[in-house]
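**Student:** This is the structure I want to talk about, given as structure tokens.
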Amino acid sequence: MSDSAVLPGKTATGAGDKARGRIEFAAVTKAYGAAKAVDAIDLKIPASTYCCLLGPSGCGKTTSLRMLAGHEIATSGDILLDNVNVTNFAPARRGTAMMFQNYALFPHLTVEENVAFSLKMKRENRIERLNRARAMLRVVEMERFAKRLPSQLSGGQQQRVALARALITQPSALLLDEPLSALDPFLRLRVRGELRKLQKSLGISFVHVTHSQDEALALADLVVLMNVGRIEQQGTAQDVFSRPRTAFVARFIGGHNVIDLGDKAVAVRTDRVALVRGGEVTASSREATVTGAEYAGNGFSIQLADDRGGDLLALVPEETFHARPFEEGERVTVSWAPSDAHVLEGGAS
Ligand SMILES: Nc1ncnc2c1ncn2[C@@H]1O[C@H](COP(=O)(O)OP(=O)(O)OP(=O)(O)O)[C@@H](O)[C@H]1O
């Protein structure tokens, strides 16, 4: 996709001028009967931010996105976009655009007609709307497919058209619900990089719902991890990964052991624990039995049953493993540097 995209119709005179998409959720709740799908969330997303809403199924990600889009109305609280309270605005008046999981292209319309569709609804004349659609297709590098029908495109190409169709309304925030889930793993990586570049060059905010930790860590300036309708932790990808606030975050983000030390629980990254045969047991180590070993691409993942009833994982470099593989049933000492043990709020559960 184009590296220096400017939304057609907008002139970018400098990063400061074009940065749009400051979003705020202030004590926003969505209740369905007695159940709260979203429970009093507070969230500030700075302008021109790539934000990923992450979390397990049913945690309230999509409901939050739909409230931002105006497809659901908040039960209480306020939603602001670029300092305007849009809580009760109709979707078309908010300055947001939504790209759906299945792209939802009209099968009987050509690519350019799909992209121009919302302008037709606004009664812009045909020449003007097709010109703008062409310009938008140029941004996503799909101009040469303008006359095709969606059925004549690959999944990745359909996705670009859906992006162009969403962006033609010149939103301050683009909302994406699981945008990569229909793509094969190779294309997913490519499109992921392209989304990120597009967001940076447009200077608007993207809010992207996913349940993939990898996707969120790779893409987001701001990761928002939700759990049962609440925000469990928010921060940069590095923050959330290296300093998980709770055991839930450490487990969900992956790559960590949650170790119950009695008076407190700590998270220790799986690549920061060492395995030794016959080592000494200290406050920062556990005796354990190897229960399995799997090749993990960046090393071997050794599964362990610790003597106090917990499960542990250790990521061991390939050379170390090959020099003397850990066998199932083998007794080892698992140790970590106290500085790598990150204390968790609320214990191990
Ligand atoms: N229209 C509705 N009526 C009643 N309950 C709903 C409605 N929409 C969502 N919910 C409930 O609200 C909770 C949050 O749903 P939501 O779709 O926001 O979750 P999610 O995190 O996006 O999950 P997933 O990853 O599975 O899409 C769920 O328990 C869901 O069953």
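Chain labels A, B, ... are given in the sequence in which chains occur in the structure tokens; within each chain residues are numbered consecutively from 1, and ligands are likewise numbered from 1 in the order shown.
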Counting only C-alpha atoms and all ligand atoms, which protein, DNA or RNA residues come within 7 Å of ligand 1, given as a PyMOL selection string?
**Tutor:** chain A and resi 32+36-38+55-64+211+229
**Student:** Go ahead and write the selection's residues with C-alpha atoms as a PDB file, in the first residue's frame.
**Tutor:**
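Contents of again-v8.pdb, freshly written:
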ATOM      1  CA  TYR A  32     -27.879  -6.499  28.361  1.00  0.00           C
ATOM      2  CA  LYS A  36     -22.691  -6.213  31.727  1.00  0.00           C
ATOM      3  CA  ALA A  37     -20.913  -6.877  28.434  1.00  0.00           C
ATOM      4  CA  VAL A  38     -18.749  -3.812  29.133  1.00  0.00           C
ATOM      5  CA  GLY A  55      -8.883 -10.505  25.060  1.00  0.00           C
ATOM      6  CA  PRO A  56     -10.604 -13.874  25.194  1.00  0.00           C
ATOM      7  CA  SER A  57     -13.956 -14.599  23.594  1.00  0.00           C
ATOM      8  CA  GLY A  58     -16.820 -12.769  25.280  1.00  0.00           C
ATOM      9  CA  CYS A  59     -14.674 -10.191  27.130  1.00  0.00           C
ATOM     10  CA  GLY A  60     -16.432  -7.197  25.527  1.00  0.00           C
ATOM     11  CA  LYS A  61     -14.066  -6.195  22.689  1.00  0.00           C
ATOM     12  CA  THR A  62     -16.634  -6.155  19.909  1.00  0.00           C
ATOM     13  CA  THR A  63     -19.249  -4.459  22.071  1.00  0.00           C
ATOM     14  CA  SER A  64     -16.738  -1.680  22.863  1.00  0.00           C
ATOM     15  CA  HIS A 211      -7.949 -12.279  20.141  1.00  0.00           C
ATOM     16  CA  GLY A 229     -16.095  -6.521  30.469  1.00  0.00           C
TER      17      GLY A 229
END
**Student:** Write out as a list of chain:residue names the set of residues from segment 58-111 of chain A that DSSP, computed on the backbone, places in helix (DSSP H, G or I).
**Tutor:**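 Restricting segment 58-111 of chain A to helix (DSSP H, G or I) produces A:Lys61, A:Thr62, A:Thr63, A:Ser64, A:Leu65, A:Arg66, A:Met67, A:Leu68, A:Ala69, A:Pro91, A:Ala92, A:Arg93, A:Val111.
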**Student:** Counting only C-alpha atoms, give me one row per residue of segment 119-153 of chain A with an atom at most 12 Å from an atom of segment 175-199 of chain A, showing the shortest contact pair and its distance in Å to one decimal, sorted by chain then residue number, as JSON lines.
**Tutor:**
{"residue": "A:Val139", "atom": "CA", "partner": "A:Leu198", "partner_atom": "CA", "distance": 8.6}
{"residue": "A:Val140", "atom": "CA", "partner": "A:Leu198", "partner_atom": "CA", "distance": 8.5}
{"residue": "A:Glu141", "atom": "CA", "partner": "A:Glu194", "partner_atom": "CA", "distance": 11.0}
**Student:** So, with only C-alpha atoms as the atoms that count, which of A:Leu219, A:Met136, A:Gly77, A:Leu119 lies closest to Leu202 of chain A?
**Tutor:**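 Checking each of A:Leu219, A:Met136, A:Gly77, A:Leu119 against Leu202 of chain A, counting only C-alpha atoms, the winner is A:Met136.
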**Student:** Taking 5 positions as the minimum chain separation for residues in the same chain, which residues sit within 12 Å of segment 285-288 of chain A when counting only C-alpha atoms? Answer as number ranges by chain.
**Tutor:** A: 259-261, 268, 273-280, 302-314, 328-338, 341
**Student:** Using only C-alpha atoms, pick whichever of A:Thr236, A:Ser301, A:Asn125, A:Thr96 has the shortest atom-to-atom distance to Pro171 of chain A.
**Tutor:** A:Thr96
**Student:** Please, which residues of segment 55-282 of chain A, numbered as in this document, come out strand (DSSP E) from DSSP, as a PDB file with C-alpha atoms, in the first residue's frame?
**Tutor:**
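File written: states_9.pdb
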ATOM      1  CA  SER A  76     -24.083   4.763  30.628  1.00  0.00           C
ATOM      2  CA  GLY A  77     -20.901   6.791  30.276  1.00  0.00           C
ATOM      3  CA  ASP A  78     -19.542   8.971  27.470  1.00  0.00           C
ATOM      4  CA  ILE A  79     -17.599   8.359  24.282  1.00  0.00           C
ATOM      5  CA  LEU A  80     -15.619  11.255  22.829  1.00  0.00           C
ATOM      6  CA  LEU A  81     -13.966  11.500  19.431  1.00  0.00           C
ATOM      7  CA  VAL A  84     -16.744  15.811  20.628  1.00  0.00           C
ATOM      8  CA  ASN A  85     -19.153  13.785  22.732  1.00  0.00           C
ATOM      9  CA  THR A  96     -15.679   6.675  12.466  1.00  0.00           C
ATOM     10  CA  ALA A  97     -15.748   3.995   9.781  1.00  0.00           C
ATOM     11  CA  MET A  98     -16.006   0.286  10.409  1.00  0.00           C
ATOM     12  CA  MET A  99     -14.408  -2.530   8.458  1.00  0.00           C
ATOM     13  CA  ALA A 173     -10.920   6.569  13.419  1.00  0.00           C
ATOM     14  CA  LEU A 174     -11.025   3.341  11.450  1.00  0.00           C
ATOM     15  CA  LEU A 175     -12.552   0.465  13.390  1.00  0.00           C
ATOM     16  CA  LEU A 176     -11.537  -3.058  12.422  1.00  0.00           C
ATOM     17  CA  ASP A 177     -13.191  -6.189  13.794  1.00  0.00           C
ATOM     18  CA  SER A 205      -6.433   6.182  14.774  1.00  0.00           C
ATOM     19  CA  PHE A 206      -7.111   2.541  14.026  1.00  0.00           C
ATOM     20  CA  VAL A 207      -8.946   0.494  16.663  1.00  0.00           C
ATOM     21  CA  HIS A 208      -8.469  -3.170  15.871  1.00  0.00           C
ATOM     22  CA  VAL A 209     -10.233  -5.995  17.709  1.00  0.00           C
ATOM     23  CA  THR A 210      -8.355  -9.277  17.911  1.00  0.00           C
ATOM     24  CA  LEU A 222      -1.527   0.814  22.647  1.00  0.00           C
ATOM     25  CA  VAL A 223      -2.587  -2.693  23.722  1.00  0.00           C
ATOM     26  CA  VAL A 224      -5.832  -2.841  25.710  1.00  0.00           C
ATOM     27  CA  LEU A 225      -6.377  -6.238  27.272  1.00  0.00           C
ATOM     28  CA  MET A 226      -9.963  -6.893  28.372  1.00  0.00           C
ATOM     29  CA  ASN A 227     -11.372  -9.525  30.711  1.00  0.00           C
ATOM     30  CA  ARG A 230     -13.246  -4.666  32.142  1.00  0.00           C
ATOM     31  CA  ILE A 231      -9.829  -3.416  31.093  1.00  0.00           C
ATOM     32  CA  GLU A 232      -7.316  -5.660  32.795  1.00  0.00           C
ATOM     33  CA  GLN A 233      -4.248  -3.755  31.538  1.00  0.00           C
ATOM     34  CA  GLN A 234      -3.400  -1.126  28.951  1.00  0.00           C
ATOM     35  CA  GLY A 235      -0.017   0.065  27.727  1.00  0.00           C
ATOM     36  CA  HIS A 256       5.338 -16.418  31.029  1.00  0.00           C
ATOM     37  CA  ASN A 257       5.282 -18.726  34.013  1.00  0.00           C
ATOM     38  CA  VAL A 258       2.992 -17.758  36.854  1.00  0.00           C
ATOM     39  CA  ILE A 259       4.738 -18.958  39.997  1.00  0.00           C
ATOM     40  CA  ASP A 260       3.050 -19.015  43.385  1.00  0.00           C
ATOM     41  CA  ALA A 265       2.878 -14.686  42.962  1.00  0.00           C
ATOM     42  CA  VAL A 266       5.364 -13.711  40.270  1.00  0.00           C
ATOM     43  CA  ALA A 267       5.560 -13.894  36.484  1.00  0.00           C
ATOM     44  CA  VAL A 268       8.827 -15.017  34.941  1.00  0.00           C
ATOM     45  CA  ARG A 269       9.310 -15.140  31.195  1.00  0.00           C
ATOM     46  CA  VAL A 273      14.230 -19.494  33.470  1.00  0.00           C
ATOM     47  CA  ALA A 274      17.249 -21.777  33.544  1.00  0.00           C
ATOM     48  CA  LEU A 275      17.182 -25.553  33.855  1.00  0.00           C
ATOM     49  CA  VAL A 276      20.008 -27.326  35.629  1.00  0.00           C
TER      50      VAL A 276
END
**Student:** Which neighbours of Lys120 of chain A fall inside 12 Å, counting only C-alpha atoms, when residues of the same chain fewer than 5 positions from it are skipped, and could you give them as a list of chain:residue names?
**Tutor:**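 My list of contacting residues is A:Glu112, A:Glu113, A:Asn114, A:Val115, A:Asn125, A:Arg126, A:Ile127, A:Glu128, A:Arg129, A:Leu130, A:Arg132, A:Ala133, A:Ile168, A:Thr169.
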**Student:** Please, could you write that set of residues out with C-alpha atoms as an mmCIF file, in the first residue's frame?
**Tutor:**
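The resulting file, again_39.cif, is reproduced below:
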data_model
loop_
_atom_site.group_PDB
_atom_site.id
_atom_site.type_symbol
_atom_site.label_atom_id
_atom_site.label_comp_id
_atom_site.auth_asym_id
_atom_site.auth_seq_id
_atom_site.Cartn_x
_atom_site.Cartn_y
_atom_site.Cartn_z
ATOM 1 C CA GLU A 112 -15.077 1.116 -7.700
ATOM 2 C CA GLU A 113 -18.852 1.125 -7.186
ATOM 3 C CA ASN A 114 -18.384 -0.625 -3.849
ATOM 4 C CA VAL A 115 -15.884 1.993 -2.760
ATOM 5 C CA ASN A 125 -22.572 13.149 -8.475
ATOM 6 C CA ARG A 126 -21.344 10.046 -10.281
ATOM 7 C CA ILE A 127 -18.180 11.539 -11.779
ATOM 8 C CA GLU A 128 -17.054 13.019 -8.468
ATOM 9 C CA ARG A 129 -17.709 9.847 -6.502
ATOM 10 C CA LEU A 130 -15.946 7.599 -9.019
ATOM 11 C CA ARG A 132 -12.745 9.815 -5.282
ATOM 12 C CA ALA A 133 -13.161 6.042 -5.336
ATOM 13 C CA ILE A 168 -13.515 7.046 1.627
ATOM 14 C CA THR A 169 -15.693 8.617 4.301
#
**Student:** Residues near Gly254 of chain A, anyone? I mean within 10 Å using only C-alpha atoms, not counting same-chain ones fewer than 3 positions away, as a ChimeraX atom specification.
**Tutor:** /A:213-214,241,248-251,257,269-270
**Student:** Next, write the just-selected residues to a file, as a PDB file, in the first residue's frame, keeping N, CA and C atoms as the atom set.
**Tutor:**
ATOM      1  N   GLN A 213      -2.747 -12.564  20.479  1.00  0.00           N
ATOM      2  CA  GLN A 213      -1.728 -11.826  21.226  1.00  0.00           C
ATOM      3  C   GLN A 213      -0.633 -11.342  20.285  1.00  0.00           C
ATOM      4  N   ASP A 214      -0.205 -12.238  19.372  1.00  0.00           N
ATOM      5  CA  ASP A 214       0.887 -11.883  18.447  1.00  0.00           C
ATOM      6  C   ASP A 214       0.518 -10.670  17.617  1.00  0.00           C
ATOM      7  N   PHE A 241       3.785  -6.901  27.820  1.00  0.00           N
ATOM      8  CA  PHE A 241       4.486  -8.186  27.764  1.00  0.00           C
ATOM      9  C   PHE A 241       5.514  -8.317  28.885  1.00  0.00           C
ATOM     10  N   PHE A 248      -3.786 -13.171  35.095  1.00  0.00           N
ATOM     11  CA  PHE A 248      -4.585 -13.293  33.874  1.00  0.00           C
ATOM     12  C   PHE A 248      -3.798 -12.738  32.683  1.00  0.00           C
ATOM     13  N   VAL A 249      -3.199 -11.561  32.846  1.00  0.00           N
ATOM     14  CA  VAL A 249      -2.451 -10.933  31.747  1.00  0.00           C
ATOM     15  C   VAL A 249      -1.261 -11.820  31.373  1.00  0.00           C
ATOM     16  N   ALA A 250      -0.522 -12.267  32.383  1.00  0.00           N
ATOM     17  CA  ALA A 250       0.668 -13.092  32.116  1.00  0.00           C
ATOM     18  C   ALA A 250       0.278 -14.348  31.340  1.00  0.00           C
ATOM     19  N   ARG A 251      -0.824 -14.981  31.728  1.00  0.00           N
ATOM     20  CA  ARG A 251      -1.251 -16.213  31.052  1.00  0.00           C
ATOM     21  C   ARG A 251      -1.778 -15.913  29.667  1.00  0.00           C
ATOM     22  N   ASN A 257       5.704 -17.814  32.951  1.00  0.00           N
ATOM     23  CA  ASN A 257       5.282 -18.726  34.013  1.00  0.00           C
ATOM     24  C   ASN A 257       4.661 -17.902  35.112  1.00  0.00           C
ATOM     25  N   ARG A 269       9.364 -14.754  32.599  1.00  0.00           N
ATOM     26  CA  ARG A 269       9.310 -15.140  31.195  1.00  0.00           C
ATOM     27  C   ARG A 269       9.909 -16.520  30.982  1.00  0.00           C
ATOM     28  N   THR A 270       9.332 -17.271  30.045  1.00  0.00           N
ATOM     29  CA  THR A 270       9.805 -18.655  29.835  1.00  0.00           C
ATOM     30  C   THR A 270      11.233 -18.684  29.282  1.00  0.00           C
TER      31      THR A 270
END
**Student:** Rank nothing, just name the residue among A:Ser201, A:Gln152, A:Thr320, A:Gln170 nearest to Arg93 of chain A, using only C-alpha atoms.
**Tutor:**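 Counting only C-alpha atoms, the residue closest to Arg93 of chain A is A:Gln170.
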**Student:** Can you work out the spacing between atom CA of Ala293 of chain A and atom CA of Ala247 of chain A in Å, to one decimal?
**Tutor:**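 Atom-to-atom, atom CA of Ala293 of chain A to atom CA of Ala247 of chain A, that is 23.9 Å.
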